[in-house]
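Peer 1: Below is a structure I'd like to ask you about.
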Amino acid sequence: MDQEPRSRPMPGQPGAWLWPGVDREHSPVLAIGGRHGLDDWRRVVIAPRSAGYKLSEPSWFVAADRTIRVLLRDDGGSRRLFIVDSRDGGRTWAAPQPTNMPDAQSKFVALDLGDGLVALVSSPTRDQTKRKLLAVCVSADGRVFDRVLKLRHDEQAKPRLPGMHKAAGFQYPNAIVADGRLWVVYSVNKEDIELSAVPVQALHAGR
């Protein structure tokens, strides 16, 4: 199952692409290749469930030092994101490590904005706010995320109707940059789809 709507070119291997997802065992995997045809793909399991990891929903970006960085949701209850790095263009990958980035154990998306700037759209909270906060966390180098812009926050958010696995709040974000804005689409209470936009210039402020 893929986790992002498209593969993207990968630095360090000209013509190669990287596509994150999870396999049938729910382990996060990366498909790397596509240079020479549909059969030119290498499958990399970066945190196998058989090794005791409970990581999922990978999203990736390239840091200012050209490190390829994959962030992962932890379903083990730590309420923080994990990270897996490659410093050689995706040929080898380090073991998963916990970060100090809080997370409501929810879907997120990370993307490069250019010039080393990285945006992380997530629910950066460990408390009872859970998914009732949706924010953009900004990093100037892909290592330290030191600015947070609130997109949506509603402590009273709740579904209108009951349903299986329905949860309150702003969930399953995805994002693109177009016309000078960061466009973020997300589910509200798993019932509605809404869209927010932030000028990219506002994300660069304070650099």
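Letters A, B, ... mark the chains of the structure tokens in the order given; residue numbers begin at 1 per chain; ligand numbers begin at 1, in order shown.
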Please return as a PDB file with N, CA and C atoms, in the first residue's frame: the residues of chain A that backbone DSSP assigns to strand (DSSP E or B).
Peer 2:
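Output file result.pdb follows:
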```pdb
ATOM      1  N   ASP A   2       0.693   2.126  -0.975  1.00  0.00           N
ATOM      2  CA  ASP A   2       1.511   3.327  -1.018  1.00  0.00           C
ATOM      3  C   ASP A   2       0.990   4.347  -0.016  1.00  0.00           C
ATOM      4  N   ARG A   8       8.819  10.127  -6.337  1.00  0.00           N
ATOM      5  CA  ARG A   8       9.554  11.364  -6.623  1.00  0.00           C
ATOM      6  C   ARG A   8      10.993  11.030  -6.972  1.00  0.00           C
ATOM      7  N   PRO A   9      11.659  11.876  -7.782  1.00  0.00           N
ATOM      8  CA  PRO A   9      13.072  11.630  -8.092  1.00  0.00           C
ATOM      9  C   PRO A   9      13.904  11.610  -6.821  1.00  0.00           C
ATOM     10  N   TRP A  17      13.814   6.752  -8.744  1.00  0.00           N
ATOM     11  CA  TRP A  17      12.670   7.277  -8.018  1.00  0.00           C
ATOM     12  C   TRP A  17      12.542   6.544  -6.687  1.00  0.00           C
ATOM     13  N   LEU A  18      11.856   7.179  -5.742  1.00  0.00           N
ATOM     14  CA  LEU A  18      11.600   6.559  -4.443  1.00  0.00           C
ATOM     15  C   LEU A  18      10.115   6.659  -4.141  1.00  0.00           C
ATOM     16  N   TRP A  19       9.530   5.531  -3.738  1.00  0.00           N
ATOM     17  CA  TRP A  19       8.094   5.457  -3.449  1.00  0.00           C
ATOM     18  C   TRP A  19       7.921   4.749  -2.106  1.00  0.00           C
ATOM     19  N   PRO A  20       7.430   5.442  -1.069  1.00  0.00           N
ATOM     20  CA  PRO A  20       7.259   4.824   0.248  1.00  0.00           C
ATOM     21  C   PRO A  20       5.908   4.147   0.387  1.00  0.00           C
ATOM     22  N   GLY A  21       5.839   3.145   1.258  1.00  0.00           N
ATOM     23  CA  GLY A  21       4.584   2.466   1.517  1.00  0.00           C
ATOM     24  C   GLY A  21       4.732   1.467   2.648  1.00  0.00           C
ATOM     25  N   VAL A  22       3.758   0.590   2.797  1.00  0.00           N
ATOM     26  CA  VAL A  22       3.822  -0.511   3.759  1.00  0.00           C
ATOM     27  C   VAL A  22       3.464  -1.802   3.034  1.00  0.00           C
ATOM     28  N   PRO A  28       7.044  -0.801   7.071  1.00  0.00           N
ATOM     29  CA  PRO A  28       7.299   0.273   6.113  1.00  0.00           C
ATOM     30  C   PRO A  28       8.375  -0.138   5.118  1.00  0.00           C
ATOM     31  N   VAL A  29       8.117   0.134   3.854  1.00  0.00           N
ATOM     32  CA  VAL A  29       9.025  -0.252   2.781  1.00  0.00           C
ATOM     33  C   VAL A  29       9.240   0.927   1.844  1.00  0.00           C
ATOM     34  N   LEU A  30      10.348   0.860   1.107  1.00  0.00           N
ATOM     35  CA  LEU A  30      10.651   1.829   0.067  1.00  0.00           C
ATOM     36  C   LEU A  30      10.865   1.084  -1.237  1.00  0.00           C
ATOM     37  N   ALA A  31      10.239   1.548  -2.299  1.00  0.00           N
ATOM     38  CA  ALA A  31      10.524   1.047  -3.637  1.00  0.00           C
ATOM     39  C   ALA A  31      11.446   2.056  -4.311  1.00  0.00           C
ATOM     40  N   ILE A  32      12.629   1.591  -4.735  1.00  0.00           N
ATOM     41  CA  ILE A  32      13.649   2.473  -5.303  1.00  0.00           C
ATOM     42  C   ILE A  32      14.023   1.962  -6.693  1.00  0.00           C
ATOM     43  N   GLY A  33      13.985   2.830  -7.679  1.00  0.00           N
ATOM     44  CA  GLY A  33      14.382   2.417  -9.028  1.00  0.00           C
ATOM     45  C   GLY A  33      13.587   3.122 -10.098  1.00  0.00           C
ATOM     46  N   TRP A  41      12.992  -2.084 -10.055  1.00  0.00           N
ATOM     47  CA  TRP A  41      12.714  -1.540  -8.727  1.00  0.00           C
ATOM     48  C   TRP A  41      13.339  -2.435  -7.666  1.00  0.00           C
ATOM     49  N   ARG A  42      13.880  -1.797  -6.622  1.00  0.00           N
ATOM     50  CA  ARG A  42      14.451  -2.510  -5.481  1.00  0.00           C
ATOM     51  C   ARG A  42      13.591  -2.231  -4.262  1.00  0.00           C
ATOM     52  N   ARG A  43      13.228  -3.285  -3.540  1.00  0.00           N
ATOM     53  CA  ARG A  43      12.366  -3.157  -2.367  1.00  0.00           C
ATOM     54  C   ARG A  43      13.226  -3.165  -1.110  1.00  0.00           C
ATOM     55  N   VAL A  44      13.071  -2.121  -0.284  1.00  0.00           N
ATOM     56  CA  VAL A  44      13.841  -1.998   0.954  1.00  0.00           C
ATOM     57  C   VAL A  44      12.871  -1.945   2.126  1.00  0.00           C
ATOM     58  N   VAL A  45      12.981  -2.905   3.051  1.00  0.00           N
ATOM     59  CA  VAL A  45      12.176  -2.892   4.275  1.00  0.00           C
ATOM     60  C   VAL A  45      12.985  -2.141   5.325  1.00  0.00           C
ATOM     61  N   LEU A  55       6.282   0.591  13.316  1.00  0.00           N
ATOM     62  CA  LEU A  55       6.334   1.852  12.583  1.00  0.00           C
ATOM     63  C   LEU A  55       5.567   1.733  11.276  1.00  0.00           C
ATOM     64  N   SER A  56       5.017   2.850  10.819  1.00  0.00           N
ATOM     65  CA  SER A  56       4.200   2.809   9.611  1.00  0.00           C
ATOM     66  C   SER A  56       4.149   4.195   8.966  1.00  0.00           C
ATOM     67  N   GLU A  57       3.473   4.278   7.829  1.00  0.00           N
ATOM     68  CA  GLU A  57       3.135   5.517   7.128  1.00  0.00           C
ATOM     69  C   GLU A  57       4.364   6.406   6.874  1.00  0.00           C
ATOM     70  N   PRO A  58       5.366   5.873   6.167  1.00  0.00           N
ATOM     71  CA  PRO A  58       6.577   6.663   5.916  1.00  0.00           C
ATOM     72  C   PRO A  58       6.334   7.839   4.974  1.00  0.00           C
ATOM     73  N   SER A  59       7.027   8.936   5.249  1.00  0.00           N
ATOM     74  CA  SER A  59       7.050  10.102   4.362  1.00  0.00           C
ATOM     75  C   SER A  59       8.480  10.620   4.350  1.00  0.00           C
ATOM     76  N   TRP A  60       8.963  11.140   3.225  1.00  0.00           N
ATOM     77  CA  TRP A  60      10.390  11.432   3.113  1.00  0.00           C
ATOM     78  C   TRP A  60      10.663  12.797   2.520  1.00  0.00           C
ATOM     79  N   PHE A  61      11.886  13.260   2.775  1.00  0.00           N
ATOM     80  CA  PHE A  61      12.360  14.523   2.218  1.00  0.00           C
ATOM     81  C   PHE A  61      13.882  14.456   2.148  1.00  0.00           C
ATOM     82  N   VAL A  62      14.478  15.469   1.556  1.00  0.00           N
ATOM     83  CA  VAL A  62      15.935  15.563   1.451  1.00  0.00           C
ATOM     84  C   VAL A  62      16.392  16.747   2.283  1.00  0.00           C
ATOM     85  N   ILE A  68      18.924  11.662   2.715  1.00  0.00           N
ATOM     86  CA  ILE A  68      17.525  11.291   2.469  1.00  0.00           C
ATOM     87  C   ILE A  68      16.947  10.839   3.798  1.00  0.00           C
ATOM     88  N   ARG A  69      15.900  11.497   4.224  1.00  0.00           N
ATOM     89  CA  ARG A  69      15.364  11.293   5.573  1.00  0.00           C
ATOM     90  C   ARG A  69      13.920  10.811   5.479  1.00  0.00           C
ATOM     91  N   VAL A  70      13.628   9.659   6.101  1.00  0.00           N
ATOM     92  CA  VAL A  70      12.281   9.102   6.149  1.00  0.00           C
ATOM     93  C   VAL A  70      11.755   9.229   7.577  1.00  0.00           C
ATOM     94  N   LEU A  71      10.606   9.860   7.731  1.00  0.00           N
ATOM     95  CA  LEU A  71       9.938   9.930   9.021  1.00  0.00           C
ATOM     96  C   LEU A  71       8.828   8.888   9.068  1.00  0.00           C
ATOM     97  N   LEU A  72       8.578   8.341  10.270  1.00  0.00           N
ATOM     98  CA  LEU A  72       7.603   7.264  10.422  1.00  0.00           C
ATOM     99  C   LEU A  72       6.739   7.481  11.655  1.00  0.00           C
ATOM    100  N   ARG A  73       5.498   7.107  11.536  1.00  0.00           N
ATOM    101  CA  ARG A  73       4.568   7.078  12.667  1.00  0.00           C
ATOM    102  C   ARG A  73       4.877   5.852  13.527  1.00  0.00           C
ATOM    103  N   ASP A  74       4.796   6.026  14.853  1.00  0.00           N
ATOM    104  CA  ASP A  74       5.016   4.910  15.776  1.00  0.00           C
ATOM    105  C   ASP A  74       3.679   4.451  16.352  1.00  0.00           C
ATOM    106  N   ARG A  80       5.766   9.834  19.433  1.00  0.00           N
ATOM    107  CA  ARG A  80       6.749  10.658  18.754  1.00  0.00           C
ATOM    108  C   ARG A  80       7.124   9.993  17.437  1.00  0.00           C
ATOM    109  N   LEU A  81       7.634  10.788  16.513  1.00  0.00           N
ATOM    110  CA  LEU A  81       8.032  10.264  15.228  1.00  0.00           C
ATOM    111  C   LEU A  81       9.378   9.556  15.320  1.00  0.00           C
ATOM    112  N   PHE A  82       9.575   8.584  14.432  1.00  0.00           N
ATOM    113  CA  PHE A  82      10.862   7.920  14.265  1.00  0.00           C
ATOM    114  C   PHE A  82      11.483   8.368  12.938  1.00  0.00           C
ATOM    115  N   ILE A  83      12.775   8.090  12.807  1.00  0.00           N
ATOM    116  CA  ILE A  83      13.506   8.549  11.634  1.00  0.00           C
ATOM    117  C   ILE A  83      14.431   7.447  11.129  1.00  0.00           C
ATOM    118  N   VAL A  84      14.570   7.373   9.798  1.00  0.00           N
ATOM    119  CA  VAL A  84      15.528   6.483   9.140  1.00  0.00           C
ATOM    120  C   VAL A  84      16.253   7.308   8.081  1.00  0.00           C
ATOM    121  N   ASP A  85      17.583   7.277   8.087  1.00  0.00           N
ATOM    122  CA  ASP A  85      18.391   8.099   7.179  1.00  0.00           C
ATOM    123  C   ASP A  85      19.175   7.251   6.185  1.00  0.00           C
ATOM    124  N   SER A  86      19.418   7.843   5.018  1.00  0.00           N
ATOM    125  CA  SER A  86      20.401   7.314   4.075  1.00  0.00           C
ATOM    126  C   SER A  86      21.323   8.459   3.674  1.00  0.00           C
ATOM    127  N   GLN A  97      15.434   5.327  14.455  1.00  0.00           N
ATOM    128  CA  GLN A  97      15.725   5.980  15.728  1.00  0.00           C
ATOM    129  C   GLN A  97      14.558   6.886  16.118  1.00  0.00           C
ATOM    130  N   PRO A  98      14.242   6.970  17.417  1.00  0.00           N
ATOM    131  CA  PRO A  98      13.183   7.892  17.839  1.00  0.00           C
ATOM    132  C   PRO A  98      13.686   9.332  17.773  1.00  0.00           C
ATOM    133  N   THR A  99      12.793  10.235  17.438  1.00  0.00           N
ATOM    134  CA  THR A  99      13.093  11.664  17.496  1.00  0.00           C
ATOM    135  C   THR A  99      12.397  12.251  18.718  1.00  0.00           C
ATOM    136  N   ASN A 100      12.588  13.549  18.939  1.00  0.00           N
ATOM    137  CA  ASN A 100      11.858  14.223  20.011  1.00  0.00           C
ATOM    138  C   ASN A 100      10.683  15.022  19.461  1.00  0.00           C
ATOM    139  N   MET A 101      10.278  14.708  18.210  1.00  0.00           N
ATOM    140  CA  MET A 101       9.126  15.369  17.606  1.00  0.00           C
ATOM    141  C   MET A 101       7.840  14.704  18.096  1.00  0.00           C
ATOM    142  N   PRO A 102       6.995  15.422  18.849  1.00  0.00           N
ATOM    143  CA  PRO A 102       5.751  14.811  19.337  1.00  0.00           C
ATOM    144  C   PRO A 102       4.802  14.511  18.190  1.00  0.00           C
ATOM    145  N   VAL A 109       2.626  14.303   6.610  1.00  0.00           N
ATOM    146  CA  VAL A 109       3.335  14.375   5.343  1.00  0.00           C
ATOM    147  C   VAL A 109       4.477  15.368   5.476  1.00  0.00           C
ATOM    148  N   ALA A 110       5.651  15.005   4.930  1.00  0.00           N
ATOM    149  CA  ALA A 110       6.822  15.876   4.916  1.00  0.00           C
ATOM    150  C   ALA A 110       7.180  16.185   3.467  1.00  0.00           C
ATOM    151  N   LEU A 111       7.625  17.412   3.217  1.00  0.00           N
ATOM    152  CA  LEU A 111       8.000  17.760   1.855  1.00  0.00           C
ATOM    153  C   LEU A 111       9.034  18.878   1.837  1.00  0.00           C
ATOM    154  N   ASP A 112       9.879  18.835   0.780  1.00  0.00           N
ATOM    155  CA  ASP A 112      10.895  19.857   0.564  1.00  0.00           C
ATOM    156  C   ASP A 112      10.234  21.088  -0.046  1.00  0.00           C
ATOM    157  N   LEU A 113      10.645  22.269   0.438  1.00  0.00           N
ATOM    158  CA  LEU A 113      10.154  23.519  -0.121  1.00  0.00           C
ATOM    159  C   LEU A 113      11.234  24.245  -0.913  1.00  0.00           C
ATOM    160  N   GLY A 114      12.435  23.664  -0.995  1.00  0.00           N
ATOM    161  CA  GLY A 114      13.544  24.281  -1.710  1.00  0.00           C
ATOM    162  C   GLY A 114      14.486  25.008  -0.769  1.00  0.00           C
ATOM    163  N   LEU A 117      14.715  24.138   2.975  1.00  0.00           N
ATOM    164  CA  LEU A 117      13.545  24.296   3.840  1.00  0.00           C
ATOM    165  C   LEU A 117      12.633  23.074   3.712  1.00  0.00           C
ATOM    166  N   VAL A 118      12.178  22.577   4.865  1.00  0.00           N
ATOM    167  CA  VAL A 118      11.308  21.401   4.908  1.00  0.00           C
ATOM    168  C   VAL A 118      10.066  21.736   5.727  1.00  0.00           C
ATOM    169  N   ALA A 119       8.916  21.294   5.247  1.00  0.00           N
ATOM    170  CA  ALA A 119       7.665  21.446   5.985  1.00  0.00           C
ATOM    171  C   ALA A 119       7.149  20.070   6.390  1.00  0.00           C
ATOM    172  N   LEU A 120       6.705  19.963   7.626  1.00  0.00           N
ATOM    173  CA  LEU A 120       6.111  18.740   8.147  1.00  0.00           C
ATOM    174  C   LEU A 120       4.704  19.073   8.606  1.00  0.00           C
ATOM    175  N   VAL A 121       3.706  18.511   7.938  1.00  0.00           N
ATOM    176  CA  VAL A 121       2.305  18.745   8.295  1.00  0.00           C
ATOM    177  C   VAL A 121       1.852  17.566   9.141  1.00  0.00           C
ATOM    178  N   SER A 122       1.511  17.830  10.407  1.00  0.00           N
ATOM    179  CA  SER A 122       1.221  16.738  11.328  1.00  0.00           C
ATOM    180  C   SER A 122       0.375  17.244  12.488  1.00  0.00           C
ATOM    181  N   LEU A 133      -5.449  19.140  16.676  1.00  0.00           N
ATOM    182  CA  LEU A 133      -4.503  20.165  16.232  1.00  0.00           C
ATOM    183  C   LEU A 133      -3.827  19.691  14.960  1.00  0.00           C
ATOM    184  N   LEU A 134      -3.837  20.526  13.930  1.00  0.00           N
ATOM    185  CA  LEU A 134      -3.094  20.259  12.704  1.00  0.00           C
ATOM    186  C   LEU A 134      -2.177  21.445  12.464  1.00  0.00           C
ATOM    187  N   ALA A 135      -0.879  21.193  12.295  1.00  0.00           N
ATOM    188  CA  ALA A 135       0.095  22.271  12.218  1.00  0.00           C
ATOM    189  C   ALA A 135       1.139  21.989  11.147  1.00  0.00           C
ATOM    190  N   VAL A 136       1.837  23.050  10.755  1.00  0.00           N
ATOM    191  CA  VAL A 136       2.996  22.934   9.867  1.00  0.00           C
ATOM    192  C   VAL A 136       4.241  23.224  10.700  1.00  0.00           C
ATOM    193  N   CYS A 137       5.124  22.235  10.820  1.00  0.00           N
ATOM    194  CA  CYS A 137       6.400  22.420  11.504  1.00  0.00           C
ATOM    195  C   CYS A 137       7.467  22.661  10.435  1.00  0.00           C
ATOM    196  N   VAL A 138       8.311  23.662  10.641  1.00  0.00           N
ATOM    197  CA  VAL A 138       9.239  24.108   9.606  1.00  0.00           C
ATOM    198  C   VAL A 138      10.682  23.948  10.073  1.00  0.00           C
ATOM    199  N   SER A 139      11.517  23.465   9.156  1.00  0.00           N
ATOM    200  CA  SER A 139      12.949  23.316   9.428  1.00  0.00           C
ATOM    201  C   SER A 139      13.742  23.979   8.314  1.00  0.00           C
ATOM    202  N   PHE A 145      13.437  21.167  13.593  1.00  0.00           N
ATOM    203  CA  PHE A 145      12.164  21.815  13.300  1.00  0.00           C
ATOM    204  C   PHE A 145      11.869  22.758  14.458  1.00  0.00           C
ATOM    205  N   ASP A 146      12.064  24.057  14.226  1.00  0.00           N
ATOM    206  CA  ASP A 146      11.991  25.012  15.321  1.00  0.00           C
ATOM    207  C   ASP A 146      10.923  26.084  15.146  1.00  0.00           C
ATOM    208  N   ARG A 147      10.060  25.945  14.142  1.00  0.00           N
ATOM    209  CA  ARG A 147       8.938  26.862  13.964  1.00  0.00           C
ATOM    210  C   ARG A 147       7.678  26.062  13.713  1.00  0.00           C
ATOM    211  N   VAL A 148       6.581  26.480  14.315  1.00  0.00           N
ATOM    212  CA  VAL A 148       5.298  25.794  14.169  1.00  0.00           C
ATOM    213  C   VAL A 148       4.214  26.813  13.824  1.00  0.00           C
ATOM    214  N   LEU A 149       3.478  26.535  12.747  1.00  0.00           N
ATOM    215  CA  LEU A 149       2.347  27.369  12.360  1.00  0.00           C
ATOM    216  C   LEU A 149       1.077  26.538  12.490  1.00  0.00           C
ATOM    217  N   LYS A 150       0.133  27.016  13.255  1.00  0.00           N
ATOM    218  CA  LYS A 150      -1.121  26.294  13.463  1.00  0.00           C
ATOM    219  C   LYS A 150      -2.015  26.440  12.235  1.00  0.00           C
ATOM    220  N   LEU A 151      -2.455  25.294  11.692  1.00  0.00           N
ATOM    221  CA  LEU A 151      -3.412  25.302  10.587  1.00  0.00           C
ATOM    222  C   LEU A 151      -4.846  25.228  11.100  1.00  0.00           C
ATOM    223  N   ARG A 152      -5.123  24.243  11.918  1.00  0.00           N
ATOM    224  CA  ARG A 152      -6.460  24.055  12.480  1.00  0.00           C
ATOM    225  C   ARG A 152      -6.333  23.592  13.933  1.00  0.00           C
ATOM    226  N   HIS A 153      -7.235  24.065  14.781  1.00  0.00           N
ATOM    227  CA  HIS A 153      -7.267  23.625  16.168  1.00  0.00           C
ATOM    228  C   HIS A 153      -8.680  23.812  16.682  1.00  0.00           C
ATOM    229  N   PHE A 170      -8.559  16.677  12.715  1.00  0.00           N
ATOM    230  CA  PHE A 170      -8.075  16.963  11.364  1.00  0.00           C
ATOM    231  C   PHE A 170      -7.006  15.930  11.021  1.00  0.00           C
ATOM    232  N   GLN A 171      -7.265  15.140   9.978  1.00  0.00           N
ATOM    233  CA  GLN A 171      -6.510  13.906   9.793  1.00  0.00           C
ATOM    234  C   GLN A 171      -6.134  13.672   8.333  1.00  0.00           C
ATOM    235  N   TYR A 172      -5.180  12.752   8.142  1.00  0.00           N
ATOM    236  CA  TYR A 172      -4.752  12.279   6.823  1.00  0.00           C
ATOM    237  C   TYR A 172      -4.358  13.424   5.889  1.00  0.00           C
ATOM    238  N   PRO A 173      -3.469  14.342   6.333  1.00  0.00           N
ATOM    239  CA  PRO A 173      -3.108  15.464   5.465  1.00  0.00           C
ATOM    240  C   PRO A 173      -2.220  15.039   4.306  1.00  0.00           C
ATOM    241  N   ASN A 174      -2.345  15.770   3.218  1.00  0.00           N
ATOM    242  CA  ASN A 174      -1.373  15.714   2.145  1.00  0.00           C
ATOM    243  C   ASN A 174      -1.162  17.140   1.673  1.00  0.00           C
ATOM    244  N   ALA A 175      -0.052  17.393   0.987  1.00  0.00           N
ATOM    245  CA  ALA A 175       0.280  18.776   0.678  1.00  0.00           C
ATOM    246  C   ALA A 175       1.090  18.876  -0.608  1.00  0.00           C
ATOM    247  N   ILE A 176       0.943  20.009  -1.290  1.00  0.00           N
ATOM    248  CA  ILE A 176       1.758  20.362  -2.452  1.00  0.00           C
ATOM    249  C   ILE A 176       2.040  21.858  -2.384  1.00  0.00           C
ATOM    250  N   VAL A 177       3.039  22.284  -3.157  1.00  0.00           N
ATOM    251  CA  VAL A 177       3.331  23.707  -3.299  1.00  0.00           C
ATOM    252  C   VAL A 177       2.947  24.130  -4.712  1.00  0.00           C
ATOM    253  N   ALA A 178       2.137  25.178  -4.813  1.00  0.00           N
ATOM    254  CA  ALA A 178       1.724  25.707  -6.110  1.00  0.00           C
ATOM    255  C   ALA A 178       1.332  27.171  -5.951  1.00  0.00           C
ATOM    256  N   ARG A 181       2.072  29.026  -2.679  1.00  0.00           N
ATOM    257  CA  ARG A 181       1.401  28.624  -1.442  1.00  0.00           C
ATOM    258  C   ARG A 181       1.622  27.139  -1.169  1.00  0.00           C
ATOM    259  N   LEU A 182       1.616  26.803   0.097  1.00  0.00           N
ATOM    260  CA  LEU A 182       1.564  25.412   0.528  1.00  0.00           C
ATOM    261  C   LEU A 182       0.095  25.065   0.712  1.00  0.00           C
ATOM    262  N   TRP A 183      -0.405  24.140  -0.105  1.00  0.00           N
ATOM    263  CA  TRP A 183      -1.808  23.728  -0.056  1.00  0.00           C
ATOM    264  C   TRP A 183      -1.897  22.413   0.712  1.00  0.00           C
ATOM    265  N   VAL A 184      -2.717  22.383   1.741  1.00  0.00           N
ATOM    266  CA  VAL A 184      -2.855  21.199   2.596  1.00  0.00           C
ATOM    267  C   VAL A 184      -4.306  20.733   2.552  1.00  0.00           C
ATOM    268  N   VAL A 185      -4.514  19.496   2.130  1.00  0.00           N
ATOM    269  CA  VAL A 185      -5.846  18.903   2.116  1.00  0.00           C
ATOM    270  C   VAL A 185      -5.918  17.858   3.217  1.00  0.00           C
ATOM    271  N   TYR A 186      -7.052  17.749   3.899  1.00  0.00           N
ATOM    272  CA  TYR A 186      -7.160  16.858   5.045  1.00  0.00           C
ATOM    273  C   TYR A 186      -8.625  16.510   5.312  1.00  0.00           C
ATOM    274  N   SER A 187      -8.805  15.433   6.065  1.00  0.00           N
ATOM    275  CA  SER A 187     -10.140  15.008   6.502  1.00  0.00           C
ATOM    276  C   SER A 187     -10.490  15.716   7.811  1.00  0.00           C
ATOM    277  N   VAL A 188     -11.763  16.061   7.959  1.00  0.00           N
ATOM    278  CA  VAL A 188     -12.266  16.625   9.207  1.00  0.00           C
ATOM    279  C   VAL A 188     -13.227  15.622   9.831  1.00  0.00           C
ATOM    280  N   ASP A 192     -15.593  14.971   6.365  1.00  0.00           N
ATOM    281  CA  ASP A 192     -15.500  16.021   5.353  1.00  0.00           C
ATOM    282  C   ASP A 192     -14.051  16.177   4.898  1.00  0.00           C
ATOM    283  N   ILE A 193     -13.871  16.778   3.723  1.00  0.00           N
ATOM    284  CA  ILE A 193     -12.552  17.102   3.194  1.00  0.00           C
ATOM    285  C   ILE A 193     -12.451  18.624   3.089  1.00  0.00           C
ATOM    286  N   GLU A 194     -11.387  19.179   3.674  1.00  0.00           N
ATOM    287  CA  GLU A 194     -11.187  20.623   3.626  1.00  0.00           C
ATOM    288  C   GLU A 194      -9.767  20.943   3.167  1.00  0.00           C
ATOM    289  N   LEU A 195      -9.556  22.213   2.827  1.00  0.00           N
ATOM    290  CA  LEU A 195      -8.296  22.652   2.245  1.00  0.00           C
ATOM    291  C   LEU A 195      -7.843  23.932   2.941  1.00  0.00           C
ATOM    292  N   SER A 196      -6.572  23.985   3.321  1.00  0.00           N
ATOM    293  CA  SER A 196      -5.972  25.192   3.875  1.00  0.00           C
ATOM    294  C   SER A 196      -4.762  25.568   3.036  1.00  0.00           C
ATOM    295  N   ALA A 197      -4.449  26.866   2.997  1.00  0.00           N
ATOM    296  CA  ALA A 197      -3.313  27.346   2.224  1.00  0.00           C
ATOM    297  C   ALA A 197      -2.487  28.311   3.057  1.00  0.00           C
ATOM    298  N   VAL A 198      -1.162  28.187   2.929  1.00  0.00           N
ATOM    299  CA  VAL A 198      -0.223  29.060   3.643  1.00  0.00           C
ATOM    300  C   VAL A 198       0.751  29.624   2.634  1.00  0.00           C
ATOM    301  N   PRO A 199       0.955  30.943   2.587  1.00  0.00           N
ATOM    302  CA  PRO A 199       1.981  31.489   1.688  1.00  0.00           C
ATOM    303  C   PRO A 199       3.353  30.921   2.029  1.00  0.00           C
TER     304      PRO A 199
END
```
Peer 1: Compile the contact shell of Ala64 in chain A as a PyMOL selection string: residues with an atom at most 8 Å away, counting only C-alpha atoms, same-chain residues fewer than 3 positions apart removed.
Peer 2: chain A and resi 67+115-117+140-142
Peer 1: Show which residues sit within 8 Å of Arg79 in chain A, as a PyMOL selection string. Count only C-alpha atoms, and ignore same-chain residues fewer than 4 positions away.
Peer 2: chain A and resi 74+102-105+125-126
Peer 1: So that I can check the surroundings of Gln156 in chain A, please list as a ChimeraX atom specification every protein, DNA and RNA residue that reaches within 9 Å of it, counting only C-alpha atoms and ignoring chain neighbours fewer than 3 positions away.
Peer 2: /A:132,168-169
Peer 1: Next, dump the selected residues to file, keeping only C-alpha atoms, as a PDB file, in the first residue's frame.
Peer 2:
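Dumped everything to part-v2.pdb:
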```pdb
ATOM      1  CA  LYS A 132      -7.631  18.159  17.114  1.00  0.00           C
ATOM      2  CA  ALA A 168     -12.401  13.573  15.984  1.00  0.00           C
ATOM      3  CA  GLY A 169     -10.131  16.155  14.444  1.00  0.00           C
TER       4      GLY A 169
END
```
Peer 1: Looking at A:Ala63, A:Ala167, A:Ala47, A:Val200, which one is nearest to Ser106 in chain A, with distances taken over only C-alpha atoms?
Peer 2: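 The shortest atom-to-atom distance to Ser106 in chain A comes from A:Ala167.
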Peer 1: Provide the CA of Asp39 in chain A to CA of Arg66 in chain A distance in Å, to one decimal place.
Peer 2: 27.0 Å
Peer 1: Do you have the CA of Ser78 in chain A-CA of Ala51 in chain A distance handy?
Peer 2: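 The value is 17.0 Å.
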Peer 1: What is the CA of Ser50 in chain A-CA of Thr92 in chain A distance in Å, reported with one decimal?
Peer 2: 19.6 Å
Peer 1: Just list the residues in chain A DSSP gives alpha helix (DSSP H) on the backbone, as a ChimeraX atom specification.
Peer 2: /A:200-204
Peer 1: Mind writing the picked residues with N, CA and C atoms as an mmCIF file, in the first residue's frame?
Peer 2:
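Written output follows (result-v4.cif):
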```cif
data_model
loop_
_atom_site.group_PDB
_atom_site.id
_atom_site.type_symbol
_atom_site.label_atom_id
_atom_site.label_comp_id
_atom_site.auth_asym_id
_atom_site.auth_seq_id
_atom_site.Cartn_x
_atom_site.Cartn_y
_atom_site.Cartn_z
ATOM 1 N N VAL A 200 4.071 30.443 1.026
ATOM 2 C CA VAL A 200 5.403 29.888 1.267
ATOM 3 C C VAL A 200 6.311 30.938 1.900
ATOM 4 N N GLN A 201 6.115 32.198 1.555
ATOM 5 C CA GLN A 201 6.915 33.270 2.133
ATOM 6 C C GLN A 201 6.795 33.306 3.647
ATOM 7 N N ALA A 202 5.586 32.981 4.167
ATOM 8 C CA ALA A 202 5.398 32.958 5.618
ATOM 9 C C ALA A 202 6.192 31.843 6.263
ATOM 10 N N LEU A 203 6.416 30.742 5.538
ATOM 11 C CA LEU A 203 7.202 29.640 6.077
ATOM 12 C C LEU A 203 8.686 29.975 6.076
ATOM 13 N N HIS A 204 9.114 30.846 5.173
ATOM 14 C CA HIS A 204 10.512 31.271 5.126
ATOM 15 C C HIS A 204 10.814 32.338 6.176
#
```
